[in-house]
file start.pdb (PDB, C-alpha atoms and all ligand atoms)
ATOM      1  CA  MET O 294     105.624 194.911 134.709
ATOM      2  CA  ARG O 295     103.441 195.485 131.639
ATOM      3  CA  HIS O 296     104.830 194.910 128.175
ATOM      4  CA  THR O 297     105.375 198.132 126.268
ATOM      5  CA  VAL O 298     105.017 199.094 122.610
ATOM      6  CA  LEU O 299     106.162 202.286 120.888
ATOM      7  CA  VAL O 300     104.214 203.035 117.706
ATOM      8  CA  THR O 301     105.337 205.827 115.371
ATOM      9  CA  GLY O 302     102.681 207.765 113.469
ATOM     10  CA  ALA O 303     100.080 206.435 115.900
ATOM     11  CA  ALA O 304      97.799 209.499 115.998
ATOM     12  CA  ALA O 305      95.870 208.392 112.893
ATOM     13  CA  GLY O 306      95.336 205.688 110.298
ATOM     14  CA  ILE O 307      97.180 202.370 110.485
ATOM     15  CA  GLY O 308      99.311 203.454 113.454
ATOM     16  CA  ALA O 309      96.221 204.338 115.497
ATOM     17  CA  GLY O 310      94.747 200.915 114.705
ATOM     18  CA  ILE O 311      97.968 199.227 115.823
ATOM     19  CA  ALA O 312      98.004 201.231 119.070
ATOM     20  CA  ASP O 313      94.397 200.139 119.767
ATOM     21  CA  ARG O 314      95.239 196.468 119.195
ATOM     22  CA  PHE O 315      98.141 196.447 121.656
ATOM     23  CA  ALA O 316      96.254 198.507 124.282
ATOM     24  CA  GLU O 317      93.311 196.078 124.176
ATOM     25  CA  THR O 318      95.728 193.325 125.203
ATOM     26  CA  GLY O 319      97.025 195.367 128.123
ATOM     27  CA  PHE O 320     100.263 196.686 126.631
ATOM     28  CA  ALA O 321     101.408 200.113 127.756
ATOM     29  CA  VAL O 322     101.484 202.190 124.576
ATOM     30  CA  ALA O 323     103.691 205.121 123.560
ATOM     31  CA  VAL O 324     102.058 207.154 120.785
ATOM     32  CA  PHE O 325     104.763 209.050 118.864
ATOM     33  CA  ASP O 326     103.581 211.449 116.174
ATOM     34  CA  ILE O 327     104.487 214.741 114.533
ATOM     35  CA  ASP O 328     100.894 215.817 115.238
ATOM     36  CA  ALA O 329     101.185 216.684 118.941
ATOM     37  CA  ALA O 330      97.455 217.288 119.527
ATOM     38  CA  GLY O 331      96.514 214.125 117.600
ATOM     39  CA  ALA O 332      99.012 212.054 119.607
ATOM     40  CA  GLU O 333      97.613 213.315 122.916
ATOM     41  CA  ARG O 334      94.016 212.690 121.742
ATOM     42  CA  LYS O 335      94.924 209.127 120.816
ATOM     43  CA  ALA O 336      96.774 208.508 124.100
ATOM     44  CA  GLU O 337      93.769 209.846 126.039
ATOM     45  CA  GLU O 338      91.492 207.422 124.169
ATOM     46  CA  LEU O 339      93.852 204.479 124.819
ATOM     47  CA  ARG O 340      93.966 205.219 128.567
ATOM     48  CA  ARG O 341      90.497 203.666 128.817
ATOM     49  CA  ASN O 342      92.224 200.286 128.329
ATOM     50  CA  ALA O 343      95.870 200.698 129.277
ATOM     51  CA  PRO O 344      98.559 203.168 130.279
ATOM     52  CA  ALA O 345      99.459 205.420 127.351
ATOM     53  CA  LEU O 346     101.951 208.198 126.739
ATOM     54  CA  SER O 347     101.931 210.747 123.916
ATOM     55  CA  ILE O 348     105.216 212.020 122.489
ATOM     56  CA  ALA O 349     105.345 214.766 119.866
ATOM     57  CA  GLY O 350     108.153 214.735 117.329
ATOM     58  CA  ASP O 351     109.500 213.857 113.909
ATOM     59  CA  VAL O 352     110.885 210.332 113.346
ATOM     60  CA  GLY O 353     113.359 211.832 110.858
ATOM     61  CA  ARG O 354     114.994 214.051 113.485
ATOM     62  CA  GLU O 355     117.741 212.308 115.409
ATOM     63  CA  GLU O 356     117.026 214.068 118.715
ATOM     64  CA  ASP O 357     113.259 213.418 118.473
ATOM     65  CA  ALA O 358     113.713 209.704 117.742
ATOM     66  CA  LYS O 359     116.101 209.348 120.684
ATOM     67  CA  ARG O 360     113.785 211.308 122.971
ATOM     68  CA  ALA O 361     110.792 209.144 121.998
ATOM     69  CA  VAL O 362     112.578 205.948 123.031
ATOM     70  CA  GLU O 363     113.986 207.485 126.223
ATOM     71  CA  ALA O 364     110.598 208.913 127.251
ATOM     72  CA  THR O 365     108.939 205.525 126.713
ATOM     73  CA  VAL O 366     111.489 203.683 128.832
ATOM     74  CA  ALA O 367     111.422 206.406 131.508
ATOM     75  CA  GLU O 368     107.612 206.194 131.731
ATOM     76  CA  PHE O 369     107.056 202.427 131.488
ATOM     77  CA  GLY O 370     110.422 200.968 132.549
ATOM     78  CA  ARG O 371     110.936 198.823 129.457
ATOM     79  CA  LEU O 372     110.472 198.560 125.692
ATOM     80  CA  ASP O 373     109.323 195.279 124.132
ATOM     81  CA  VAL O 374     108.032 196.214 120.698
ATOM     82  CA  LEU O 375     108.792 199.008 118.243
ATOM     83  CA  VAL O 376     106.381 199.515 115.335
ATOM     84  CA  ASN O 377     107.830 201.801 112.654
ATOM     85  CA  ASN O 378     104.647 202.971 110.980
ATOM     86  CA  ALA O 379     105.057 206.726 110.393
ATOM     87  CA  GLY O 380     105.236 207.452 106.702
ATOM     88  CA  ILE O 381     104.414 210.025 104.051
ATOM     89  CA  GLU O 382     103.913 209.708 100.320
ATOM     90  CA  VAL O 383     105.704 212.228  98.098
ATOM     91  CA  ALA O 384     104.393 211.955  94.535
ATOM     92  CA  GLY O 385     106.409 212.396  91.360
ATOM     93  CA  SER O 386     108.564 210.734  88.726
ATOM     94  CA  VAL O 387     112.355 211.114  88.884
ATOM     95  CA  LYS O 388     112.061 213.821  86.212
ATOM     96  CA  ASP O 389     109.686 215.881  88.364
ATOM     97  CA  LEU O 390     110.925 215.290  91.922
ATOM     98  CA  THR O 391     113.113 217.991  93.439
ATOM     99  CA  THR O 392     116.054 217.060  95.621
ATOM    100  CA  ALA O 393     114.082 218.424  98.579
ATOM    101  CA  ASP O 394     111.124 216.126  97.692
ATOM    102  CA  TRP O 395     113.466 213.120  97.569
ATOM    103  CA  ASP O 396     115.094 214.017 100.884
ATOM    104  CA  ARG O 397     111.711 214.586 102.576
ATOM    105  CA  GLN O 398     110.498 211.159 101.460
ATOM    106  CA  MET O 399     113.667 209.338 102.550
ATOM    107  CA  ASN O 400     113.924 211.310 105.781
ATOM    108  CA  VAL O 401     110.603 210.058 107.140
ATOM    109  CA  ASN O 402     110.137 206.643 105.513
ATOM    110  CA  LEU O 403     113.693 205.302 105.693
ATOM    111  CA  ARG O 404     116.037 207.453 107.792
ATOM    112  CA  GLY O 405     113.283 207.683 110.442
ATOM    113  CA  VAL O 406     113.188 203.903 110.764
ATOM    114  CA  PHE O 407     116.985 203.744 111.052
ATOM    115  CA  LEU O 408     116.997 206.432 113.769
ATOM    116  CA  MET O 409     114.164 204.830 115.747
ATOM    117  CA  CYS O 410     115.743 201.374 115.592
ATOM    118  CA  ARG O 411     119.190 202.612 116.565
ATOM    119  CA  SER O 412     117.778 204.183 119.723
ATOM    120  CA  ALA O 413     115.446 201.281 120.513
ATOM    121  CA  ILE O 414     117.729 198.270 119.940
ATOM    122  CA  PRO O 415     119.733 198.549 123.220
ATOM    123  CA  HIS O 416     116.427 198.488 125.160
ATOM    124  CA  LEU O 417     114.792 195.774 123.029
ATOM    125  CA  CYS O 418     117.848 193.541 123.606
ATOM    126  CA  ARG O 419     117.034 193.341 127.309
ATOM    127  CA  GLN O 420     113.582 191.902 126.683
ATOM    128  CA  GLY O 421     114.231 189.860 123.531
ATOM    129  CA  GLY O 422     111.942 192.304 121.748
ATOM    130  CA  SER O 423     110.493 192.741 118.324
ATOM    131  CA  ILE O 424     110.472 195.357 115.550
ATOM    132  CA  VAL O 425     107.655 195.568 112.994
ATOM    133  CA  ASN O 426     108.206 197.848 109.988
ATOM    134  CA  ILE O 427     105.219 199.023 107.961
ATOM    135  CA  ALA O 428     106.421 198.981 104.348
ATOM    136  CA  SER O 429     104.026 198.709 101.361
ATOM    137  CA  VAL O 430     103.187 196.662  98.297
ATOM    138  CA  HIS O 431     105.073 199.534  96.613
ATOM    139  CA  ALA O 432     108.189 197.611  97.664
ATOM    140  CA  PHE O 433     107.332 195.099  94.925
ATOM    141  CA  LEU O 434     105.244 196.955  92.340
ATOM    142  CA  SER O 435     104.965 200.493  91.069
ATOM    143  CA  TRP O 436     102.265 202.949  90.150
ATOM    144  CA  PRO O 437     103.029 206.078  88.106
ATOM    145  CA  ASP O 438     104.661 208.971  89.957
ATOM    146  CA  SER O 439     105.772 206.951  92.959
ATOM    147  CA  ALA O 440     109.544 206.856  92.386
ATOM    148  CA  ALA O 441     110.720 208.124  95.782
ATOM    149  CA  TYR O 442     108.011 206.292  97.740
ATOM    150  CA  ASP O 443     108.768 203.010  95.935
ATOM    151  CA  ALA O 444     112.497 203.434  96.561
ATOM    152  CA  ALA O 445     111.962 204.144 100.258
ATOM    153  CA  LYS O 446     109.624 201.190 100.780
ATOM    154  CA  SER O 447     111.944 198.828  98.857
ATOM    155  CA  GLY O 448     114.819 200.078 100.999
ATOM    156  CA  LEU O 449     112.809 199.347 104.122
ATOM    157  CA  ILE O 450     112.552 195.672 103.142
ATOM    158  CA  GLY O 451     116.362 195.566 102.826
ATOM    159  CA  LEU O 452     116.768 197.279 106.188
ATOM    160  CA  THR O 453     114.357 194.774 107.770
ATOM    161  CA  ARG O 454     116.433 191.849 106.435
ATOM    162  CA  ALA O 455     119.711 193.378 107.576
ATOM    163  CA  MET O 456     118.465 194.075 111.100
ATOM    164  CA  ALA O 457     116.973 190.584 111.434
ATOM    165  CA  LEU O 458     120.416 189.190 110.610
ATOM    166  CA  ASP O 459     122.474 191.568 112.753
ATOM    167  CA  HIS O 460     120.269 191.515 115.860
ATOM    168  CA  GLY O 461     118.832 187.986 115.888
ATOM    169  CA  GLY O 462     121.654 187.047 118.277
ATOM    170  CA  ASP O 463     120.431 189.762 120.666
ATOM    171  CA  GLY O 464     117.024 188.075 120.729
ATOM    172  CA  ILE O 465     115.416 190.757 118.550
ATOM    173  CA  ARG O 466     113.095 189.716 115.724
ATOM    174  CA  VAL O 467     112.523 192.126 112.841
ATOM    175  CA  ASN O 468     109.737 191.782 110.271
ATOM    176  CA  ALA O 469     107.951 193.933 107.706
ATOM    177  CA  ILE O 470     104.324 194.215 106.660
ATOM    178  CA  CYS O 471     103.406 195.328 103.146
ATOM    179  CA  PRO O 472      99.847 196.680 103.127
ATOM    180  CA  GLY O 473      97.835 197.176  99.964
ATOM    181  CA  TYR O 474      95.153 199.887  99.876
ATOM    182  CA  ILE O 475      94.056 200.681 103.433
ATOM    183  CA  GLN O 476      91.287 203.135 104.312
ATOM    184  CA  THR O 477      93.136 205.902 106.209
ATOM    185  CA  PRO O 478      93.523 209.700 106.097
ATOM    186  CA  LEU O 479      96.502 209.154 103.728
ATOM    187  CA  MET O 480      94.291 207.298 101.289
ATOM    188  CA  ASP O 481      91.549 209.932 101.666
ATOM    189  CA  ARG O 482      94.008 212.704 100.796
ATOM    190  CA  TRP O 483      95.052 210.795  97.684
ATOM    191  CA  LEU O 484      91.416 210.194  96.627
ATOM    192  CA  ASP O 485      90.587 213.873  97.216
ATOM    193  CA  SER O 486      93.417 214.876  94.863
ATOM    194  CA  LEU O 487      91.821 212.968  91.947
ATOM    195  CA  PRO O 488      89.272 214.410  89.528
ATOM    196  CA  ASP O 489      86.635 211.715  90.253
ATOM    197  CA  ARG O 490      86.906 210.400  93.808
ATOM    198  CA  GLU O 491      83.999 207.954  93.587
ATOM    199  CA  GLU O 492      85.184 206.417  90.324
ATOM    200  CA  ALA O 493      88.711 206.028  91.742
ATOM    201  CA  LEU O 494      87.332 204.356  94.860
ATOM    202  CA  ARG O 495      85.251 201.961  92.758
ATOM    203  CA  GLN O 496      88.340 201.088  90.702
ATOM    204  CA  VAL O 497      90.512 200.552  93.766
ATOM    205  CA  ARG O 498      87.883 198.248  95.277
ATOM    206  CA  SER O 499      87.835 196.223  92.062
ATOM    207  CA  PHE O 500      91.613 195.600  92.382
ATOM    208  CA  HIS O 501      90.983 193.382  95.431
ATOM    209  CA  PRO O 502      89.794 189.818  94.812
ATOM    210  CA  VAL O 503      88.449 189.730  98.385
ATOM    211  CA  GLY O 504      86.012 192.495  97.388
ATOM    212  CA  ARG O 505      87.000 195.284  99.769
ATOM    213  CA  ILE O 506      89.702 197.749 100.707
ATOM    214  CA  GLY O 507      91.739 197.030 103.840
ATOM    215  CA  THR O 508      91.229 198.591 107.267
ATOM    216  CA  PRO O 509      93.813 199.648 109.870
ATOM    217  CA  ARG O 510      92.578 196.703 111.958
ATOM    218  CA  ASP O 511      93.632 194.250 109.207
ATOM    219  CA  ILE O 512      97.207 195.510 109.536
ATOM    220  CA  ALA O 513      97.050 195.811 113.332
ATOM    221  CA  GLU O 514      96.141 192.127 113.754
ATOM    222  CA  ALA O 515      99.204 191.106 111.733
ATOM    223  CA  ALA O 516     101.511 193.529 113.561
ATOM    224  CA  PHE O 517     100.309 192.171 116.896
ATOM    225  CA  PHE O 518     100.859 188.584 115.771
ATOM    226  CA  LEU O 519     104.379 189.298 114.453
ATOM    227  CA  ALA O 520     105.286 190.884 117.793
ATOM    228  CA  SER O 521     103.836 188.016 119.835
ATOM    229  CA  GLU O 522     105.374 184.840 121.272
ATOM    230  CA  GLY O 523     103.446 182.853 118.653
ATOM    231  CA  ALA O 524     105.763 184.346 116.035
ATOM    232  CA  SER O 525     108.985 183.566 117.948
ATOM    233  CA  PHE O 526     110.545 181.758 114.937
ATOM    234  CA  ILE O 527     109.487 184.436 112.430
ATOM    235  CA  SER O 528     112.173 187.004 111.645
ATOM    236  CA  GLY O 529     113.487 188.736 108.533
ATOM    237  CA  THR O 530     110.242 188.100 106.689
ATOM    238  CA  THR O 531     107.799 190.292 104.798
ATOM    239  CA  LEU O 532     104.057 189.782 105.026
ATOM    240  CA  VAL O 533     101.923 191.144 102.183
ATOM    241  CA  ILE O 534      98.400 192.075 103.363
ATOM    242  CA  ASP O 535      96.423 193.232 100.352
ATOM    243  CA  GLY O 536      93.320 191.067  99.871
ATOM    244  CA  ALA O 537      95.159 189.210  97.045
ATOM    245  CA  MET O 538      95.625 192.413  95.004
ATOM    246  CA  THR O 539      99.229 191.674  94.015
ATOM    247  CA  VAL O 540      98.586 188.043  93.088
ATOM    248  CA  ALA O 541      95.775 189.329  90.876
ATOM    249  CA  GLY O 542      98.486 191.216  88.953
ATOM    250  CA  ARG O 543      97.719 194.775  90.083
TER     251      ARG O 543
HETATM  252  N1  LIG I   1      96.999 203.704 103.645
HETATM  253  C1  LIG I   1      97.515 202.880 102.771
HETATM  254  O1  LIG I   1      96.843 202.487 101.793
HETATM  255  C2  LIG I   1      98.922 202.350 102.941
HETATM  256  C3  LIG I   1      99.336 201.318 102.106
HETATM  257  C4  LIG I   1     100.621 200.800 102.234
HETATM  258  C5  LIG I   1     101.470 201.315 103.201
HETATM  259  N2  LIG I   1     101.066 202.334 103.994
HETATM  260  C6  LIG I   1     102.033 202.821 104.992
HETATM  261  O2  LIG I   1     101.454 202.723 106.287
HETATM  262  C7  LIG I   1     101.976 203.760 107.132
HETATM  263  C8  LIG I   1     100.813 204.525 107.736
HETATM  264  O3  LIG I   1     100.029 205.063 106.682
HETATM  265  P1  LIG I   1      98.588 205.702 106.917
HETATM  266  O4  LIG I   1      97.832 205.443 105.678
HETATM  267  O5  LIG I   1      98.045 205.306 108.235
HETATM  268  O6  LIG I   1      99.019 207.269 106.935
HETATM  269  P2  LIG I   1      98.264 208.514 107.583
HETATM  270  O7  LIG I   1      98.774 209.724 106.855
HETATM  271  O8  LIG I   1      96.797 208.273 107.595
HETATM  272  O9  LIG I   1      98.815 208.533 109.076
HETATM  273  C9  LIG I   1     100.206 208.681 109.279
HETATM  274  C10 LIG I   1     100.506 209.196 110.669
HETATM  275  O10 LIG I   1     101.934 209.396 110.725
HETATM  276  C11 LIG I   1     102.199 210.687 111.246
HETATM  277  N3  LIG I   1     103.486 211.160 110.726
HETATM  278  C12 LIG I   1     103.745 211.605 109.459
HETATM  279  N4  LIG I   1     105.020 211.996 109.357
HETATM  280  C13 LIG I   1     105.586 211.794 110.583
HETATM  281  C14 LIG I   1     106.888 212.024 111.099
HETATM  282  N5  LIG I   1     107.860 212.568 110.355
HETATM  283  N6  LIG I   1     107.139 211.690 112.395
HETATM  284  C15 LIG I   1     106.154 211.179 113.174
HETATM  285  N7  LIG I   1     104.896 210.963 112.733
HETATM  286  C16 LIG I   1     104.619 211.263 111.454
HETATM  287  C17 LIG I   1     101.022 211.538 110.797
HETATM  288  O11 LIG I   1     100.882 212.718 111.588
HETATM  289  C18 LIG I   1      99.858 210.558 110.944
HETATM  290  O12 LIG I   1      99.329 210.580 112.255
HETATM  291  C19 LIG I   1     102.896 204.601 106.251
HETATM  292  O13 LIG I   1     104.225 204.175 106.421
HETATM  293  C20 LIG I   1     102.410 204.288 104.839
HETATM  294  O14 LIG I   1     103.427 204.469 103.875
HETATM  295  C21 LIG I   1      99.800 202.865 103.893
END
call {"tool": "encode", "arguments": {"input": "start.pdb", "output": "structure tokens"}}
result
Amino acid sequence: MRHTVLVTGAAAGIGAGIADRFAETGFAVAVFDIDAAGAERKAEELRRNAPALSIAGDVGREEDAKRAVEATVAEFGRLDVLVNNAGIEVAGSVKDLTTADWDRQMNVNLRGVFLMCRSAIPHLCRQGGSIVNIASVHAFLSWPDSAAYDAAKSGLIGLTRAMALDHGGDGIRVNAICPGYIQTPLMDRWLDSLPDREEALRQVRSFHPVGRIGTPRDIAEAAFFLASEGASFISGTTLVIDGAMTVAGR
């Protein structure tokens, strides 16, 4: 039976890159996204390489998270890897954020991961599976107006550690990846919101000692490795993938 991965937020950006990487290696892939049409488009594309299923729903809704895991297991018979990638960025300082803004940020980026993991863990136990959480360099450093996002991503590192400890005995490994700037629709939306897109892009590029912004593939390669047998002694860790941006002091 084929190994199976469930990727949240896989219709676009980093999640889509992760789905591609696993499908190329023959994994069956469940594409779970709030964008139903985007999820089906992505699944259709993946079917050229491997079996793929699209599931529409919100990671922050308990019933949707549960349904996503159940549909994956019903379709493919097993679950080996869960990649918690879905995320949004709600901008604002604590002074400016409304309670609804705060809740929206936490609901997707933190509660969503909790809900997905709680549903997936009983299935992952059977295979000695793996969870990969997509956090951010925002877990370690801050930019202006990122209070809720920074809090959610920092919390995700804590959740990763706690799950690695609690479920290591069940054979489940749990790790986090902290991307720097990655070229995705999320980054495009942010650039479009700025007065001078080209100048901002030039500045962002200059933050990276390696001389470029990251791609979804850069993150996908690491996610695939962390989920693989080659990483069987790696759990509870956080991998920063940012072209040396943070060590350069950005
Ligand atoms: N792009 C970056 O520079 C960057 C850097 C660090 C971390 N990240 C993190 O990587 C992850 C992916 O980011 P991206 O840049 O690919 O974003 P993106 O906006 O380009 O794509 C995110 C995908 O998640 C889906 N999604 C959003 N909310 C959802 C929900 N509630 N339930 C299910 N699906 C949902 C969207 O429909 C979309 O398909 C996020 O967790 C983000 O915080 C991104």
call {"tool": "resolve_selection", "arguments": {"input": "start.pdb", "expression": "the PyMOL selection byres (((not hetatm)) within 6 of (chain I and resi 1))", "output": "number ranges by chain"}}
result
O: 301-308, 326-328, 350-353, 378-381, 401, 427-429, 472-480
call {"tool": "atom_distance", "arguments": {"input": "start.pdb", "atom1": "atom CA of O:Gly421", "atom2": "atom CA of O:Ser521"}}
result
11.2 Å
call {"tool": "closest_residue", "arguments": {"input": "start.pdb", "among": "O:Glu514, O:Glu317, O:Asp357, O:Asp481", "to": "O:Gly405", "atoms": "all atoms listed in the file"}}
result
O:Asp357
call {"tool": "residues_around", "arguments": {"input": "start.pdb", "residues": "stretch 364-375 of chain O", "least_positions_apart": "2", "cutoff": "9 Å", "atoms": "all atoms listed in the file", "output": "count of residues only"}}
result
34
call {"tool": "closest_residue", "arguments": {"input": "start.pdb", "among": "O:Ser528, O:Glu337, O:Ile470, O:Ala537", "to": "O:Ala516", "atoms": "all atoms listed in the file"}}
result
O:Ile470
call {"tool": "closest_residue", "arguments": {"input": "start.pdb", "among": "O:Ala515, O:Ala384, O:Gly464, O:His501", "to": "O:Ala541", "atoms": "only C-alpha atoms"}}
result
O:His501
call {"tool": "atom_distance", "arguments": {"input": "start.pdb", "atom1": "atom CA of O:Ile465", "atom2": "atom CA of O:Gly529"}}
result
10.4 Å
call {"tool": "resolve_selection", "arguments": {"input": "start.pdb", "expression": "the PyMOL selection byres (((chain O and resi 543) around 10) and not hetatm)", "output": "ChimeraX atom specification"}}
result
/O:434-436,497,500-501,537-542
call {"tool": "closest_residue", "arguments": {"input": "start.pdb", "among": "O:Gly507, O:Pro415, O:Gly536, O:Gly331", "to": "O:Ala309", "atoms": "all atoms listed in the file"}}
result
O:Gly331
call {"tool": "closest_residue", "arguments": {"input": "start.pdb", "among": "O:Glu492, O:Glu522, O:Asp485, O:Glu363", "to": "O:Arg466", "atoms": "only C-alpha atoms"}}
result
O:Glu522
call {"tool": "closest_residue", "arguments": {"input": "start.pdb", "among": "O:Ala329, O:Ile311, O:Leu487, O:Val383", "to": "O:Phe518", "atoms": "only C-alpha atoms"}}
result
O:Ile311
call {"tool": "atom_distance", "arguments": {"input": "start.pdb", "atom1": "atom CA of O:Leu519", "atom2": "atom CA of O:Asn468"}}
result
7.2 Å
call {"tool": "resolve_selection", "arguments": {"input": "start.pdb", "expression": "the PyMOL selection byres (((chain O and resi 385) around 7) and not hetatm)", "output": "number ranges by chain"}}
result
O: 383-384, 386-387, 389-390, 438-440
